[in-house]
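Shown here: my_file.pdb, PDB, C-alpha atoms.
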```pdb
MODEL        1
ATOM      1  CA  MET A   1      91.200 111.859 107.284
ATOM      2  CA  THR A   2      91.753 108.440 108.831
ATOM      3  CA  ALA A   3      92.466 105.283 106.832
ATOM      4  CA  ASP A   4      88.975 103.973 107.593
ATOM      5  CA  ALA A   5      87.396 107.185 106.291
ATOM      6  CA  ALA A   6      89.453 106.991 103.120
ATOM      7  CA  GLN A   7      88.316 103.415 102.592
ATOM      8  CA  THR A   8      84.663 104.400 103.079
ATOM      9  CA  ARG A   9      84.892 107.267 100.607
ATOM     10  CA  ALA A  10      86.722 105.238  97.955
ATOM     11  CA  ALA A  11      84.846 105.220  94.681
ATOM     12  CA  THR A  12      83.967 102.070  92.824
ATOM     13  CA  THR A  13      87.166 100.950  91.135
ATOM     14  CA  PRO A  14      87.774  98.044  88.742
ATOM     15  CA  VAL A  15      90.324  95.720  90.285
ATOM     16  CA  ALA A  16      92.009  92.810  88.477
ATOM     17  CA  CYS A  17      92.048  89.442  90.219
ATOM     18  CA  LEU A  18      95.647  88.325  90.737
ATOM     19  CA  GLU A  19      94.738  84.714  89.895
ATOM     20  CA  CYS A  20      92.469  84.878  86.824
ATOM     21  CA  ASP A  21      92.816  88.575  85.762
ATOM     22  CA  LEU A  22      89.054  89.165  85.899
ATOM     23  CA  LEU A  23      88.170  92.853  86.308
ATOM     24  CA  VAL A  24      85.811  93.320  89.231
ATOM     25  CA  ASP A  25      84.036  96.585  90.067
ATOM     26  CA  LEU A  26      85.013  96.945  93.697
ATOM     27  CA  GLY A  27      83.310  99.508  95.889
ATOM     28  CA  PRO A  28      84.014 100.528  99.503
ATOM     29  CA  LEU A  29      84.146  97.649 101.989
ATOM     30  CA  ALA A  30      82.824  97.682 105.525
ATOM     31  CA  PRO A  31      85.321  96.904 108.342
ATOM     32  CA  GLY A  32      85.927  93.165 108.432
ATOM     33  CA  GLN A  33      84.454  92.615 104.949
ATOM     34  CA  ARG A  34      86.265  90.804 102.126
ATOM     35  CA  ALA A  35      85.722  90.949  98.363
ATOM     36  CA  GLN A  36      86.185  87.707  96.440
ATOM     37  CA  CYS A  37      86.556  87.098  92.752
ATOM     38  CA  PRO A  38      83.246  85.791  91.330
ATOM     39  CA  ARG A  39      85.150  83.574  88.886
ATOM     40  CA  CYS A  40      87.820  81.812  90.997
ATOM     41  CA  GLY A  41      86.903  82.799  94.553
ATOM     42  CA  THR A  42      90.267  84.427  95.325
ATOM     43  CA  THR A  43      90.197  87.241  97.874
ATOM     44  CA  ILE A  44      90.735  90.458  95.946
ATOM     45  CA  ALA A  45      90.568  92.974  98.770
ATOM     46  CA  ALA A  46      89.831  93.116 102.466
ATOM     47  CA  SER A  47      88.962  95.826 104.954
ATOM     48  CA  PRO A  48      90.538  94.856 108.303
ATOM     49  CA  LYS A  49      88.566  95.581 111.453
ATOM     50  CA  GLN A  50      91.604  97.125 113.131
ATOM     51  CA  GLY A  51      92.463  99.228 110.084
ATOM     52  CA  LEU A  52      96.223  99.754 109.823
ATOM     53  CA  HIS A  53      96.885  99.700 113.567
ATOM     54  CA  ARG A  54      97.453  95.939 113.664
ATOM     55  CA  PRO A  55     100.196  95.790 110.981
ATOM     56  CA  LEU A  56     101.829  98.888 112.492
ATOM     57  CA  ALA A  57     102.022  97.220 115.912
ATOM     58  CA  PHE A  58     103.613  94.125 114.384
ATOM     59  CA  ALA A  59     106.054  96.247 112.356
ATOM     60  CA  LEU A  60     107.177  98.226 115.415
ATOM     61  CA  ALA A  61     107.704  94.995 117.346
ATOM     62  CA  ALA A  62     109.646  93.585 114.386
ATOM     63  CA  ALA A  63     111.929  96.642 114.353
ATOM     64  CA  VAL A  64     112.811  96.221 118.035
ATOM     65  CA  LEU A  65     113.418  92.493 117.611
ATOM     66  CA  LEU A  66     115.613  93.058 114.545
ATOM     67  CA  MET A  67     117.817  95.464 116.504
ATOM     68  CA  LEU A  68     118.202  92.856 119.251
ATOM     69  CA  ALA A  69     118.968  90.179 116.660
ATOM     70  CA  ASN A  70     121.899  92.236 115.345
ATOM     71  CA  VAL A  71     123.381  92.884 118.780
ATOM     72  CA  TYR A  72     123.535  89.523 120.543
ATOM     73  CA  PRO A  73     125.273  86.292 119.441
ATOM     74  CA  PHE A  74     123.399  84.313 116.830
ATOM     75  CA  LEU A  75     125.222  80.967 116.853
ATOM     76  CA  ALA A  76     128.050  79.334 118.784
ATOM     77  CA  PHE A  77     130.099  76.339 117.577
ATOM     78  CA  LYS A  78     132.217  74.092 119.747
ATOM     79  CA  ALA A  79     134.377  71.364 118.182
ATOM     80  CA  SER A  80     137.769  69.854 119.045
ATOM     81  CA  GLY A  81     138.317  72.337 121.826
ATOM     82  CA  LEU A  82     137.688  75.314 119.536
ATOM     83  CA  GLU A  83     134.779  77.683 119.952
ATOM     84  CA  ARG A  84     133.417  80.345 117.643
ATOM     85  CA  VAL A  85     130.617  82.777 118.336
ATOM     86  CA  MET A  86     129.129  84.893 115.566
ATOM     87  CA  THR A  87     126.432  87.503 115.223
ATOM     88  CA  LEU A  88     123.904  87.687 112.415
ATOM     89  CA  THR A  89     126.000  90.044 110.308
ATOM     90  CA  GLU A  90     129.155  88.025 110.985
ATOM     91  CA  SER A  91     127.544  85.018 109.302
ATOM     92  CA  ALA A  92     127.916  86.825 105.967
ATOM     93  CA  SER A  93     131.520  87.812 106.684
ATOM     94  CA  ALA A  94     132.314  84.196 107.666
ATOM     95  CA  LEU A  95     131.057  82.994 104.295
ATOM     96  CA  TYR A  96     133.131  85.668 102.583
ATOM     97  CA  ASP A  97     136.279  84.624 104.460
ATOM     98  CA  ASP A  98     135.657  80.999 103.417
ATOM     99  CA  GLY A  99     135.615  82.005  99.751
ATOM    100  CA  SER A 100     131.835  81.911  99.234
ATOM    101  CA  ARG A 101     131.581  85.534  98.146
ATOM    102  CA  VAL A 102     128.380  85.172  96.142
ATOM    103  CA  LEU A 103     126.624  83.352  98.973
ATOM    104  CA  ALA A 104     127.894  85.949 101.446
ATOM    105  CA  ALA A 105     126.458  88.735  99.292
ATOM    106  CA  LEU A 106     123.116  86.946  99.052
ATOM    107  CA  VAL A 107     122.944  86.427 102.825
ATOM    108  CA  LEU A 108     123.865  90.047 103.502
ATOM    109  CA  THR A 109     121.341  91.348 100.958
ATOM    110  CA  PHE A 110     118.306  89.160 101.591
ATOM    111  CA  ILE A 111     118.780  88.284 105.266
ATOM    112  CA  VAL A 112     120.189  91.495 106.749
ATOM    113  CA  ILE A 113     119.573  94.461 104.447
ATOM    114  CA  ALA A 114     116.236  93.566 102.794
ATOM    115  CA  PRO A 115     114.378  92.763 106.062
ATOM    116  CA  ALA A 116     115.693  95.975 107.654
ATOM    117  CA  VAL A 117     114.685  98.116 104.661
ATOM    118  CA  LEU A 118     111.292  96.401 104.461
ATOM    119  CA  THR A 119     110.571  96.893 108.164
ATOM    120  CA  ALA A 120     111.578 100.549 108.041
ATOM    121  CA  SER A 121     109.478 101.074 104.903
ATOM    122  CA  VAL A 122     106.378  99.504 106.453
ATOM    123  CA  ILE A 123     106.706 101.752 109.512
ATOM    124  CA  ALA A 124     107.349 104.835 107.356
ATOM    125  CA  LEU A 125     104.223 103.997 105.349
ATOM    126  CA  LEU A 126     101.856 103.163 108.192
ATOM    127  CA  VAL A 127     102.698 105.867 110.723
ATOM    128  CA  PRO A 128     101.489 108.739 108.464
ATOM    129  CA  LEU A 129      98.416 106.752 107.394
ATOM    130  CA  VAL A 130      97.434 105.962 110.975
ATOM    131  CA  THR A 131      98.123 109.464 112.313
ATOM    132  CA  GLY A 132      96.414 111.175 109.359
ATOM    133  CA  ARG A 133      99.470 113.005 108.056
ATOM    134  CA  ARG A 134     100.071 113.760 104.400
ATOM    135  CA  TYR A 135     103.448 113.321 102.704
ATOM    136  CA  PRO A 136     104.292 113.358  98.974
ATOM    137  CA  TRP A 137     106.481 110.241  99.249
ATOM    138  CA  LEU A 138     103.776 107.877 100.534
ATOM    139  CA  ARG A 139     103.121 106.455  97.055
ATOM    140  CA  HIS A 140     106.807 105.661  96.573
ATOM    141  CA  ILE A 141     107.063 103.985  99.972
ATOM    142  CA  GLY A 142     103.906 102.012  99.226
ATOM    143  CA  ARG A 143     105.357 100.709  95.966
ATOM    144  CA  LEU A 144     108.618  99.851  97.723
ATOM    145  CA  VAL A 145     106.831  97.823 100.411
ATOM    146  CA  PHE A 146     104.879  95.692  97.949
ATOM    147  CA  VAL A 147     107.864  95.258  95.611
ATOM    148  CA  ILE A 148     110.511  94.144  98.124
ATOM    149  CA  GLY A 149     108.097  92.256 100.367
ATOM    150  CA  PRO A 150     108.524  88.928  98.514
ATOM    151  CA  TRP A 151     112.326  89.352  98.535
ATOM    152  CA  SER A 152     112.647  89.260 102.302
ATOM    153  CA  MET A 153     113.727  85.676 102.926
ATOM    154  CA  ALA A 154     114.154  85.685 106.684
ATOM    155  CA  GLU A 155     111.969  82.605 107.123
ATOM    156  CA  VAL A 156     113.968  80.696 104.481
ATOM    157  CA  PHE A 157     117.160  81.578 106.329
ATOM    158  CA  LEU A 158     115.722  80.276 109.601
ATOM    159  CA  ILE A 159     114.748  76.982 108.000
ATOM    160  CA  GLY A 160     118.276  76.652 106.604
ATOM    161  CA  VAL A 161     119.778  77.324 110.036
ATOM    162  CA  LEU A 162     117.580  74.679 111.664
ATOM    163  CA  VAL A 163     118.478  72.111 108.991
ATOM    164  CA  SER A 164     122.174  72.871 109.477
ATOM    165  CA  PHE A 165     121.700  72.653 113.235
ATOM    166  CA  ILE A 166     120.370  69.103 112.907
ATOM    167  CA  LYS A 167     123.198  68.019 110.601
ATOM    168  CA  ILE A 168     126.084  69.667 112.468
ATOM    169  CA  ALA A 169     124.834  68.582 115.903
ATOM    170  CA  LYS A 170     126.322  65.119 115.265
ATOM    171  CA  MET A 171     129.787  66.522 114.583
ATOM    172  CA  ALA A 172     130.011  69.513 116.918
ATOM    173  CA  THR A 173     128.203  71.314 119.680
ATOM    174  CA  MET A 174     126.016  74.039 118.230
ATOM    175  CA  LEU A 175     124.244  76.553 120.447
ATOM    176  CA  LEU A 176     121.514  78.966 119.419
ATOM    177  CA  GLY A 177     122.099  82.390 120.910
ATOM    178  CA  PRO A 178     119.625  85.087 121.982
ATOM    179  CA  SER A 179     119.897  86.663 118.533
ATOM    180  CA  PHE A 180     118.453  83.522 116.912
ATOM    181  CA  TRP A 181     115.299  83.677 119.031
ATOM    182  CA  ALA A 182     115.005  87.432 118.487
ATOM    183  CA  PHE A 183     115.331  86.882 114.739
ATOM    184  CA  PHE A 184     112.751  84.104 114.923
ATOM    185  CA  ALA A 185     110.292  86.426 116.699
ATOM    186  CA  PHE A 186     111.167  89.180 114.195
ATOM    187  CA  THR A 187     110.279  86.881 111.298
ATOM    188  CA  VAL A 188     106.912  86.065 112.884
ATOM    189  CA  CYS A 189     106.096  89.740 113.501
ATOM    190  CA  LEU A 190     107.190  90.890 110.044
ATOM    191  CA  THR A 191     105.196  88.105 108.376
ATOM    192  CA  ALA A 192     102.145  89.040 110.442
ATOM    193  CA  ALA A 193     102.549  92.720 109.518
ATOM    194  CA  LEU A 194     102.744  91.968 105.799
ATOM    195  CA  ALA A 195      99.836  89.521 105.989
ATOM    196  CA  ALA A 196      97.675  92.219 107.594
ATOM    197  CA  LEU A 197      98.454  94.708 104.808
ATOM    198  CA  ASP A 198      95.815  94.631 102.111
ATOM    199  CA  ARG A 199      97.105  96.261  98.931
ATOM    200  CA  HIS A 200      93.729  97.730  97.898
ATOM    201  CA  TYR A 201      93.056  99.079 101.405
ATOM    202  CA  VAL A 202      96.503 100.684 101.648
ATOM    203  CA  TRP A 203      96.257 102.387  98.261
ATOM    204  CA  ASN A 204      92.795 103.730  99.080
ATOM    205  CA  ALA A 205      94.260 105.188 102.280
ATOM    206  CA  ILE A 206      97.151 106.769 100.368
ATOM    207  CA  GLU A 207      94.801 108.259  97.764
ATOM    208  CA  GLY A 208      92.682 109.614 100.601
ATOM    209  CA  ARG A 209      95.740 111.581 101.790
ATOM    210  CA  ASP A 210      96.291 112.994  98.311
ATOM    211  CA  ALA A 211      92.654 114.024  97.900
TER     212      ALA A 211
ENDMDL
END
```

Let me see the file written as structure tokens.
Amino acid sequence: MTADAAQTRAATTPVACLECDLLVDLGPLAPGQRAQCPRCGTTIAASPKQGLHRPLAFALAAAVLLMLANVYPFLAFKASGLERVMTLTESASALYDDGSRVLAALVLTFIVIAPAVLTASVIALLVPLVTGRRYPWLRHIGRLVFVIGPWSMAEVFLIGVLVSFIKIAKMATMLLGPSFWAFFAFTVCLTAALAALDRHYVWNAIEGRDA
């Protein structure tokens, strides 16, 4: 059964609005249709026209870009005749060497590990749903995706790097390496993949596999 078929066969289910907690009896949605809360107007669920193919494409692109971001240099500093080049993972080790152990742990967890785990989880969730395969761990992967999604702070890290770039540029020469642009593109693709994932649609597709 495809994800679209599972969405069509989904029975009417009461869904709570995330904004005002109103319970709405939500039935199957046609492709491209959205359900809004009658009280506050917040979108409760959506049925994307492309199904789950669009977020899967973005997630696969994000995985490739993340691998590139961890291979090539991320930043290069030049000051007083000294030059230092570091990769994305070396940014955490540099903070650790400077005595900022807590900050290094946060960078490693939320900038390196969390985005990688989230990207892998999205792919592991969507590939079986798109191909029509049934696995007992889909529910667990689905919960993992929606739980750790808000904890991926790649875009916050990029903003911090750009702010630092502006400040340090007056004191030293700072170059953005290929890894920075790969990580920037990764952040865009991962954000697009998560934005295209509708929670209600995904869970209907998972329940369709279990049926």

Between atom CA of Met153 of chain A and atom CA of Thr173 of chain A, what is the spacing in Å? 26.4 Å

Applied to the shown file, which residues does the PyMOL selection byres ((chain A and resi 155-164) around 12) return, written as a VMD selection string? chain A and resid 74 to 75 77 88 91 to 92 106 to 112 115 150 to 154 165 to 176 179 to 191

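The smallest atom-to-atom distance between Leu52 of chain A and any of A:Arg199, A:Arg101, A:Arg39, A:Arg84, using only C-alpha atoms, is found for A:Arg199.
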
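Here atom CA of Gly99 of chain A and atom CA of Ala116 of chain A stand 25.6 Å from one another.
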
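Atom CA of Val130 of chain A is found 21.8 Å from atom CA of Ile148 of chain A.
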
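Taking only C-alpha atoms into account, Pro136 of chain A lies nearest to A:Glu207 out of the set A:Leu197, A:Gln50, A:Arg34, A:Glu207.
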